[in-house]
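A.B. asks: File input20.txt follows (compact mmCIF, N, CA and C atoms):
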```txt
# COMPACT_ATOMS: atom_id res chain seq x y z
N MET A 1 -26.34 -12.22 -45.33
CA MET A 1 -25.63 -13.41 -44.88
C MET A 1 -26.58 -14.27 -44.04
N LYS A 2 -26.55 -15.55 -44.27
CA LYS A 2 -27.38 -16.48 -43.51
C LYS A 2 -26.68 -16.82 -42.20
N ILE A 3 -27.48 -17.13 -41.20
CA ILE A 3 -26.91 -17.54 -39.92
C ILE A 3 -26.12 -18.81 -40.12
N GLY A 4 -24.91 -18.81 -39.59
CA GLY A 4 -24.06 -19.96 -39.71
C GLY A 4 -23.18 -19.95 -40.94
N GLU A 5 -23.48 -19.07 -41.90
CA GLU A 5 -22.69 -19.00 -43.13
C GLU A 5 -21.34 -18.34 -42.84
N GLY A 6 -20.30 -18.94 -43.32
CA GLY A 6 -18.98 -18.34 -43.18
C GLY A 6 -18.40 -18.39 -41.78
N LEU A 7 -18.84 -19.32 -40.96
CA LEU A 7 -18.35 -19.36 -39.59
C LEU A 7 -16.85 -19.62 -39.54
N PHE A 8 -16.36 -20.39 -40.47
CA PHE A 8 -14.92 -20.60 -40.56
C PHE A 8 -14.44 -19.99 -41.87
N ASP A 9 -14.25 -18.72 -41.84
CA ASP A 9 -13.89 -17.95 -43.02
C ASP A 9 -12.38 -17.69 -43.02
N PHE A 10 -11.58 -18.76 -42.84
CA PHE A 10 -10.14 -18.61 -42.69
C PHE A 10 -9.50 -18.09 -43.97
N GLU A 11 -8.48 -17.27 -43.75
CA GLU A 11 -7.67 -16.79 -44.86
C GLU A 11 -6.78 -17.93 -45.34
N LYS A 12 -6.11 -17.71 -46.46
CA LYS A 12 -5.16 -18.70 -46.94
C LYS A 12 -4.11 -18.92 -45.86
N GLY A 13 -3.71 -20.14 -45.67
CA GLY A 13 -2.74 -20.45 -44.62
C GLY A 13 -3.41 -20.84 -43.32
N GLY A 14 -4.75 -20.83 -43.29
CA GLY A 14 -5.45 -21.27 -42.10
C GLY A 14 -5.60 -20.25 -41.01
N GLU A 15 -5.26 -18.99 -41.27
CA GLU A 15 -5.39 -17.96 -40.25
C GLU A 15 -6.83 -17.47 -40.17
N PRO A 16 -7.35 -17.29 -38.96
CA PRO A 16 -8.71 -16.78 -38.82
C PRO A 16 -8.81 -15.34 -39.34
N THR A 17 -9.96 -15.01 -39.90
CA THR A 17 -10.21 -13.65 -40.36
C THR A 17 -10.75 -12.82 -39.20
N GLN A 18 -10.92 -11.53 -39.45
CA GLN A 18 -11.51 -10.66 -38.42
C GLN A 18 -12.92 -11.15 -38.08
N GLN A 19 -13.64 -11.67 -39.06
CA GLN A 19 -14.98 -12.18 -38.79
C GLN A 19 -14.93 -13.34 -37.81
N ASP A 20 -13.94 -14.20 -37.95
CA ASP A 20 -13.78 -15.32 -37.03
C ASP A 20 -13.54 -14.83 -35.61
N PHE A 21 -12.70 -13.81 -35.49
CA PHE A 21 -12.43 -13.26 -34.16
C PHE A 21 -13.69 -12.61 -33.57
N LYS A 22 -14.42 -11.88 -34.40
CA LYS A 22 -15.63 -11.22 -33.92
C LYS A 22 -16.67 -12.26 -33.49
N THR A 23 -16.78 -13.35 -34.24
CA THR A 23 -17.69 -14.42 -33.86
C THR A 23 -17.29 -15.00 -32.51
N ALA A 24 -16.01 -15.22 -32.30
CA ALA A 24 -15.53 -15.76 -31.03
C ALA A 24 -15.82 -14.80 -29.88
N VAL A 25 -15.62 -13.51 -30.11
CA VAL A 25 -15.91 -12.51 -29.07
C VAL A 25 -17.39 -12.57 -28.71
N PHE A 26 -18.25 -12.58 -29.71
CA PHE A 26 -19.69 -12.62 -29.44
C PHE A 26 -20.10 -13.92 -28.76
N LEU A 27 -19.49 -15.02 -29.14
CA LEU A 27 -19.78 -16.29 -28.46
C LEU A 27 -19.53 -16.15 -26.96
N LEU A 28 -18.38 -15.61 -26.61
CA LEU A 28 -18.06 -15.47 -25.18
C LEU A 28 -19.00 -14.49 -24.49
N LEU A 29 -19.34 -13.39 -25.15
CA LEU A 29 -20.23 -12.40 -24.52
C LEU A 29 -21.64 -12.94 -24.33
N VAL A 30 -22.15 -13.64 -25.33
CA VAL A 30 -23.51 -14.19 -25.22
C VAL A 30 -23.55 -15.32 -24.19
N VAL A 31 -22.53 -16.16 -24.18
CA VAL A 31 -22.47 -17.22 -23.16
C VAL A 31 -22.43 -16.59 -21.77
N ALA A 32 -21.68 -15.51 -21.62
CA ALA A 32 -21.62 -14.82 -20.32
C ALA A 32 -23.00 -14.30 -19.92
N ALA A 33 -23.74 -13.78 -20.89
CA ALA A 33 -25.06 -13.23 -20.60
C ALA A 33 -26.07 -14.31 -20.21
N ILE A 34 -25.98 -15.47 -20.83
CA ILE A 34 -26.97 -16.52 -20.57
C ILE A 34 -26.51 -17.52 -19.52
N ARG A 35 -25.34 -17.30 -18.97
CA ARG A 35 -24.76 -18.26 -18.02
C ARG A 35 -25.69 -18.55 -16.85
N ASP A 36 -26.39 -17.53 -16.38
CA ASP A 36 -27.31 -17.74 -15.26
C ASP A 36 -28.72 -18.06 -15.76
N GLU A 37 -28.82 -18.41 -17.05
CA GLU A 37 -30.06 -18.83 -17.71
C GLU A 37 -31.09 -17.72 -17.87
N VAL A 38 -30.67 -16.46 -17.64
CA VAL A 38 -31.56 -15.32 -17.81
C VAL A 38 -30.80 -14.24 -18.59
N PHE A 39 -31.24 -13.96 -19.80
CA PHE A 39 -30.62 -12.93 -20.63
C PHE A 39 -31.41 -11.65 -20.39
N VAL A 40 -30.98 -10.86 -19.41
CA VAL A 40 -31.72 -9.67 -19.00
C VAL A 40 -31.38 -8.48 -19.90
N PRO A 41 -32.26 -7.48 -19.95
CA PRO A 41 -32.03 -6.31 -20.81
C PRO A 41 -30.69 -5.61 -20.55
N GLU A 42 -30.24 -5.57 -19.31
CA GLU A 42 -28.97 -4.92 -19.00
C GLU A 42 -27.79 -5.63 -19.69
N GLU A 43 -27.87 -6.95 -19.75
CA GLU A 43 -26.80 -7.72 -20.41
C GLU A 43 -26.81 -7.48 -21.92
N LEU A 44 -28.00 -7.47 -22.50
CA LEU A 44 -28.11 -7.18 -23.92
C LEU A 44 -27.61 -5.77 -24.22
N SER A 45 -27.98 -4.82 -23.39
CA SER A 45 -27.53 -3.45 -23.55
C SER A 45 -26.01 -3.35 -23.48
N LYS A 46 -25.41 -4.08 -22.55
CA LYS A 46 -23.95 -4.06 -22.40
C LYS A 46 -23.28 -4.67 -23.62
N ILE A 47 -23.84 -5.76 -24.15
CA ILE A 47 -23.28 -6.38 -25.36
C ILE A 47 -23.37 -5.41 -26.53
N CYS A 48 -24.50 -4.71 -26.65
CA CYS A 48 -24.66 -3.73 -27.73
C CYS A 48 -23.66 -2.59 -27.58
N GLU A 49 -23.44 -2.15 -26.36
CA GLU A 49 -22.46 -1.09 -26.09
C GLU A 49 -21.04 -1.55 -26.47
N ILE A 50 -20.69 -2.76 -26.07
CA ILE A 50 -19.38 -3.32 -26.39
C ILE A 50 -19.22 -3.45 -27.91
N ALA A 51 -20.27 -3.93 -28.58
CA ALA A 51 -20.22 -4.10 -30.03
C ALA A 51 -19.96 -2.76 -30.72
N SER A 52 -20.60 -1.73 -30.25
CA SER A 52 -20.42 -0.41 -30.83
C SER A 52 -19.06 0.19 -30.50
N THR A 53 -18.71 0.15 -29.23
CA THR A 53 -17.49 0.80 -28.75
C THR A 53 -16.22 0.07 -29.18
N HIS A 54 -16.20 -1.23 -29.02
CA HIS A 54 -14.98 -2.00 -29.27
C HIS A 54 -14.87 -2.58 -30.68
N LEU A 55 -16.01 -2.80 -31.33
CA LEU A 55 -15.97 -3.42 -32.66
C LEU A 55 -16.48 -2.51 -33.77
N GLY A 56 -17.03 -1.35 -33.39
CA GLY A 56 -17.54 -0.41 -34.38
C GLY A 56 -18.79 -0.88 -35.10
N PHE A 57 -19.56 -1.75 -34.47
CA PHE A 57 -20.75 -2.32 -35.10
C PHE A 57 -21.94 -1.38 -34.98
N ASN A 58 -22.81 -1.43 -35.99
CA ASN A 58 -24.11 -0.78 -35.89
C ASN A 58 -25.10 -1.81 -35.33
N SER A 59 -26.34 -1.42 -35.14
CA SER A 59 -27.31 -2.32 -34.51
C SER A 59 -27.61 -3.55 -35.37
N THR A 60 -27.60 -3.41 -36.69
CA THR A 60 -27.86 -4.55 -37.58
C THR A 60 -26.74 -5.59 -37.46
N GLU A 61 -25.49 -5.13 -37.47
CA GLU A 61 -24.36 -6.04 -37.33
C GLU A 61 -24.38 -6.72 -35.97
N THR A 62 -24.70 -5.96 -34.95
CA THR A 62 -24.76 -6.52 -33.60
C THR A 62 -25.83 -7.60 -33.52
N ALA A 63 -27.00 -7.33 -34.05
CA ALA A 63 -28.08 -8.32 -34.04
C ALA A 63 -27.67 -9.58 -34.80
N HIS A 64 -26.98 -9.40 -35.93
CA HIS A 64 -26.53 -10.55 -36.71
C HIS A 64 -25.55 -11.41 -35.90
N TYR A 65 -24.57 -10.79 -35.26
CA TYR A 65 -23.59 -11.56 -34.51
C TYR A 65 -24.20 -12.22 -33.28
N ILE A 66 -25.21 -11.60 -32.68
CA ILE A 66 -25.91 -12.25 -31.57
C ILE A 66 -26.63 -13.49 -32.08
N GLU A 67 -27.27 -13.38 -33.26
CA GLU A 67 -27.92 -14.55 -33.85
C GLU A 67 -26.92 -15.65 -34.16
N VAL A 68 -25.79 -15.27 -34.73
CA VAL A 68 -24.75 -16.26 -35.05
C VAL A 68 -24.27 -16.93 -33.76
N ALA A 69 -24.04 -16.14 -32.72
CA ALA A 69 -23.60 -16.71 -31.44
C ALA A 69 -24.64 -17.69 -30.90
N ASN A 70 -25.90 -17.31 -30.95
CA ASN A 70 -26.96 -18.22 -30.47
C ASN A 70 -27.01 -19.50 -31.30
N TYR A 71 -26.82 -19.37 -32.61
CA TYR A 71 -26.77 -20.55 -33.48
C TYR A 71 -25.62 -21.46 -33.07
N CYS A 72 -24.45 -20.87 -32.86
CA CYS A 72 -23.27 -21.66 -32.49
C CYS A 72 -23.44 -22.31 -31.13
N ILE A 73 -24.05 -21.60 -30.21
CA ILE A 73 -24.26 -22.15 -28.86
C ILE A 73 -25.21 -23.34 -28.93
N ALA A 74 -26.23 -23.24 -29.77
CA ALA A 74 -27.16 -24.36 -29.94
C ALA A 74 -26.44 -25.57 -30.53
N GLU A 75 -25.46 -25.31 -31.36
CA GLU A 75 -24.62 -26.36 -31.94
C GLU A 75 -23.30 -26.34 -31.19
N GLU A 76 -23.29 -26.91 -29.99
CA GLU A 76 -22.15 -26.79 -29.08
C GLU A 76 -20.81 -27.12 -29.73
N ASP A 77 -20.80 -28.13 -30.58
CA ASP A 77 -19.54 -28.50 -31.25
C ASP A 77 -19.02 -27.35 -32.11
N THR A 78 -19.94 -26.64 -32.75
CA THR A 78 -19.54 -25.50 -33.59
C THR A 78 -18.92 -24.42 -32.73
N ALA A 79 -19.55 -24.10 -31.62
CA ALA A 79 -19.02 -23.07 -30.72
C ALA A 79 -17.64 -23.46 -30.22
N ASN A 80 -17.50 -24.69 -29.80
CA ASN A 80 -16.20 -25.14 -29.28
C ASN A 80 -15.12 -25.11 -30.35
N ARG A 81 -15.45 -25.52 -31.57
CA ARG A 81 -14.45 -25.49 -32.66
C ARG A 81 -14.00 -24.07 -32.95
N ILE A 82 -14.94 -23.14 -33.00
CA ILE A 82 -14.58 -21.75 -33.28
C ILE A 82 -13.67 -21.21 -32.19
N LEU A 83 -14.08 -21.40 -30.95
CA LEU A 83 -13.28 -20.87 -29.84
C LEU A 83 -11.92 -21.53 -29.77
N ASP A 84 -11.86 -22.84 -29.92
CA ASP A 84 -10.58 -23.54 -29.86
C ASP A 84 -9.64 -23.11 -30.98
N THR A 85 -10.20 -22.90 -32.16
CA THR A 85 -9.38 -22.52 -33.31
C THR A 85 -8.86 -21.10 -33.19
N VAL A 86 -9.69 -20.21 -32.69
CA VAL A 86 -9.34 -18.79 -32.66
C VAL A 86 -8.56 -18.40 -31.41
N ARG A 87 -8.83 -19.01 -30.29
CA ARG A 87 -8.23 -18.54 -29.03
C ARG A 87 -6.71 -18.54 -29.03
N ASP A 88 -6.10 -19.51 -29.68
CA ASP A 88 -4.64 -19.58 -29.70
C ASP A 88 -4.02 -18.46 -30.53
N ARG A 89 -4.83 -17.78 -31.30
CA ARG A 89 -4.32 -16.71 -32.14
C ARG A 89 -4.59 -15.32 -31.58
N PHE A 90 -5.30 -15.26 -30.45
CA PHE A 90 -5.48 -13.97 -29.78
C PHE A 90 -4.16 -13.55 -29.16
N THR A 91 -3.88 -12.26 -29.19
CA THR A 91 -2.70 -11.77 -28.49
C THR A 91 -3.02 -11.72 -27.00
N ASP A 92 -1.99 -11.55 -26.19
CA ASP A 92 -2.20 -11.45 -24.74
C ASP A 92 -3.12 -10.27 -24.42
N ALA A 93 -2.92 -9.15 -25.10
CA ALA A 93 -3.76 -7.97 -24.87
C ALA A 93 -5.22 -8.27 -25.25
N GLN A 94 -5.43 -8.98 -26.36
CA GLN A 94 -6.80 -9.33 -26.76
C GLN A 94 -7.44 -10.27 -25.74
N ARG A 95 -6.67 -11.20 -25.22
CA ARG A 95 -7.20 -12.14 -24.23
C ARG A 95 -7.63 -11.41 -22.96
N ARG A 96 -6.79 -10.50 -22.51
CA ARG A 96 -7.11 -9.73 -21.31
C ARG A 96 -8.34 -8.85 -21.54
N MET A 97 -8.44 -8.25 -22.72
CA MET A 97 -9.60 -7.44 -23.06
C MET A 97 -10.86 -8.30 -23.07
N LEU A 98 -10.77 -9.49 -23.63
CA LEU A 98 -11.92 -10.39 -23.66
C LEU A 98 -12.41 -10.73 -22.25
N VAL A 99 -11.49 -11.03 -21.36
CA VAL A 99 -11.88 -11.34 -19.98
C VAL A 99 -12.57 -10.12 -19.37
N SER A 100 -12.04 -8.95 -19.62
CA SER A 100 -12.63 -7.71 -19.10
C SER A 100 -14.04 -7.49 -19.67
N LEU A 101 -14.21 -7.73 -20.96
CA LEU A 101 -15.52 -7.55 -21.58
C LEU A 101 -16.53 -8.56 -21.06
N VAL A 102 -16.10 -9.80 -20.91
CA VAL A 102 -16.98 -10.84 -20.36
C VAL A 102 -17.41 -10.44 -18.94
N GLN A 103 -16.47 -9.93 -18.16
CA GLN A 103 -16.79 -9.50 -16.80
C GLN A 103 -17.81 -8.36 -16.81
N LYS A 104 -17.69 -7.43 -17.75
CA LYS A 104 -18.65 -6.32 -17.84
C LYS A 104 -20.05 -6.84 -18.14
N VAL A 105 -20.15 -7.83 -19.02
CA VAL A 105 -21.46 -8.39 -19.33
C VAL A 105 -22.04 -9.10 -18.10
N VAL A 106 -21.23 -9.91 -17.46
CA VAL A 106 -21.69 -10.65 -16.27
C VAL A 106 -22.14 -9.70 -15.17
N MET A 107 -21.43 -8.60 -15.00
CA MET A 107 -21.73 -7.66 -13.92
C MET A 107 -22.83 -6.66 -14.28
N SER A 108 -23.25 -6.61 -15.53
CA SER A 108 -24.18 -5.58 -15.97
C SER A 108 -25.56 -5.66 -15.33
N ASP A 109 -25.95 -6.83 -14.86
CA ASP A 109 -27.26 -6.95 -14.21
C ASP A 109 -27.19 -6.66 -12.72
N GLY A 110 -25.99 -6.30 -12.24
CA GLY A 110 -25.84 -5.93 -10.84
C GLY A 110 -25.70 -7.10 -9.88
N LEU A 111 -25.74 -8.30 -10.41
CA LEU A 111 -25.63 -9.50 -9.58
C LEU A 111 -24.47 -10.34 -10.06
N LEU A 112 -23.76 -10.93 -9.13
CA LEU A 112 -22.68 -11.85 -9.49
C LEU A 112 -22.90 -13.14 -8.71
N SER A 113 -23.52 -14.10 -9.38
CA SER A 113 -23.79 -15.37 -8.72
C SER A 113 -22.48 -16.15 -8.61
N SER A 114 -22.48 -17.15 -7.77
CA SER A 114 -21.28 -17.99 -7.64
C SER A 114 -20.99 -18.70 -8.95
N GLU A 115 -22.02 -19.06 -9.69
CA GLU A 115 -21.83 -19.71 -11.00
C GLU A 115 -21.18 -18.74 -11.99
N GLU A 116 -21.61 -17.48 -11.96
CA GLU A 116 -21.01 -16.48 -12.85
C GLU A 116 -19.56 -16.20 -12.46
N GLN A 117 -19.31 -16.15 -11.17
CA GLN A 117 -17.94 -15.94 -10.70
C GLN A 117 -17.04 -17.10 -11.15
N GLN A 118 -17.55 -18.30 -11.02
CA GLN A 118 -16.81 -19.48 -11.47
C GLN A 118 -16.60 -19.42 -12.99
N PHE A 119 -17.62 -18.99 -13.71
CA PHE A 119 -17.52 -18.86 -15.17
C PHE A 119 -16.41 -17.89 -15.55
N LEU A 120 -16.29 -16.78 -14.86
CA LEU A 120 -15.22 -15.81 -15.14
C LEU A 120 -13.85 -16.47 -14.98
N GLY A 121 -13.71 -17.29 -13.95
CA GLY A 121 -12.46 -18.02 -13.75
C GLY A 121 -12.18 -19.00 -14.89
N VAL A 122 -13.22 -19.67 -15.35
CA VAL A 122 -13.07 -20.63 -16.45
C VAL A 122 -12.66 -19.90 -17.73
N VAL A 123 -13.28 -18.75 -18.00
CA VAL A 123 -12.95 -17.97 -19.20
C VAL A 123 -11.49 -17.52 -19.14
N ALA A 124 -11.08 -17.00 -17.98
CA ALA A 124 -9.70 -16.55 -17.82
C ALA A 124 -8.72 -17.70 -18.03
N GLU A 125 -9.04 -18.84 -17.43
CA GLU A 125 -8.17 -20.02 -17.59
C GLU A 125 -8.15 -20.48 -19.04
N TYR A 126 -9.31 -20.53 -19.66
CA TYR A 126 -9.42 -20.96 -21.06
C TYR A 126 -8.58 -20.08 -21.98
N LEU A 127 -8.55 -18.79 -21.66
CA LEU A 127 -7.80 -17.84 -22.48
C LEU A 127 -6.35 -17.70 -22.04
N GLY A 128 -5.98 -18.45 -21.01
CA GLY A 128 -4.58 -18.45 -20.57
C GLY A 128 -4.19 -17.25 -19.71
N ILE A 129 -5.17 -16.63 -19.07
CA ILE A 129 -4.90 -15.51 -18.15
C ILE A 129 -4.81 -16.11 -16.75
N THR A 130 -3.65 -16.01 -16.14
CA THR A 130 -3.44 -16.69 -14.86
C THR A 130 -3.41 -15.78 -13.65
N GLU A 131 -3.44 -14.48 -13.85
CA GLU A 131 -3.39 -13.61 -12.67
C GLU A 131 -4.75 -13.19 -12.21
```
Could you write out this structure as structure tokens?

C.D. replies:
Amino acid sequence: MKIGEGLFDFEKGGEPTQQDFKTAVFLLLVVAAIRDEVFVPEELSKICEIASTHLGFNSTETAHYIEVANYCIAEEDTANRILDTVRDRFTDAQRRMLVSLVQKVVMSDGLLSSEEQQFLGVVAEYLGITE
């Protein structure tokens, strides 16, 4: 699969596929990792752990989704369209899990800058988590 191929792989009826959800998850995780402009090994390791544990990915799939996320981030409109389209279809449990996963990535380097703390609030608000 080429980077960027199938980013909107909606099923009939306009529903996002599992690939769409996985792309959205990786977008949020990679943005969390680069939020402080430094993608440190601990953050990459945490994303790989999450990919394996929560999504059942092997290292090749993980590398592919990180590339796709980076492609989408470079094309900001693409990233925003994916997130906007998919976020309304996440369940409450999925939204809470996403916030938790983003927090794990942000905290994996042992530092929580004020910008990262603010970012966590923005992610929670964006996903409709108010507590």

A.B. asks: With a distance cut-off of 7 Å and all atoms listed in the file, select the neighbouring residues of range 102-108 of chain A, excluding the residue or stretch itself and same-chain residues fewer than 6 positions from it, and output the selection as a list in words.

C.D. replies: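 Here the answer would be Leu28, Leu29, Ala32, Ala33, Glu42, Glu43, Lys46, Ile47, Glu116 and Leu120 of chain A.
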
A.B. asks: At a cut-off of 7 Å, using only C-alpha atoms, what residues contact range 64-73 of chain A? Leave out same-chain residues fewer than 3 positions from it and give the result as an NGL selection string.

C.D. replies: :A and (3-4 or 23 or 26-27 or 30 or 60-61 or 76 or 78-79)

A.B. asks: Mind giving me the straight-line distance from CA of Arg89 in chain A to CA of Phe21 in chain A in Å, one decimal?

C.D. replies: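 Interatomic distance, CA of Arg89 in chain A to CA of Phe21 in chain A: 9.0 Å.
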
A.B. asks: Choose the residue, out of A:Leu111, A:Ile82, A:Ala74, A:Leu101, that has the smallest atom-to-atom separation from Cys48 in chain A; count only C-alpha atoms.

C.D. replies: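 For Cys48 in chain A, the nearest of the candidates is A:Leu101.
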
A.B. asks: Given the choices A:Val38, A:Gln19, A:Leu55, A:Ala124, which gets closest to Leu98 in chain A if the distance is worked out from all atoms listed in the file?

C.D. replies: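 Once distances to Leu98 in chain A are computed over all atoms listed in the file, the minimum belongs to A:Ala124.
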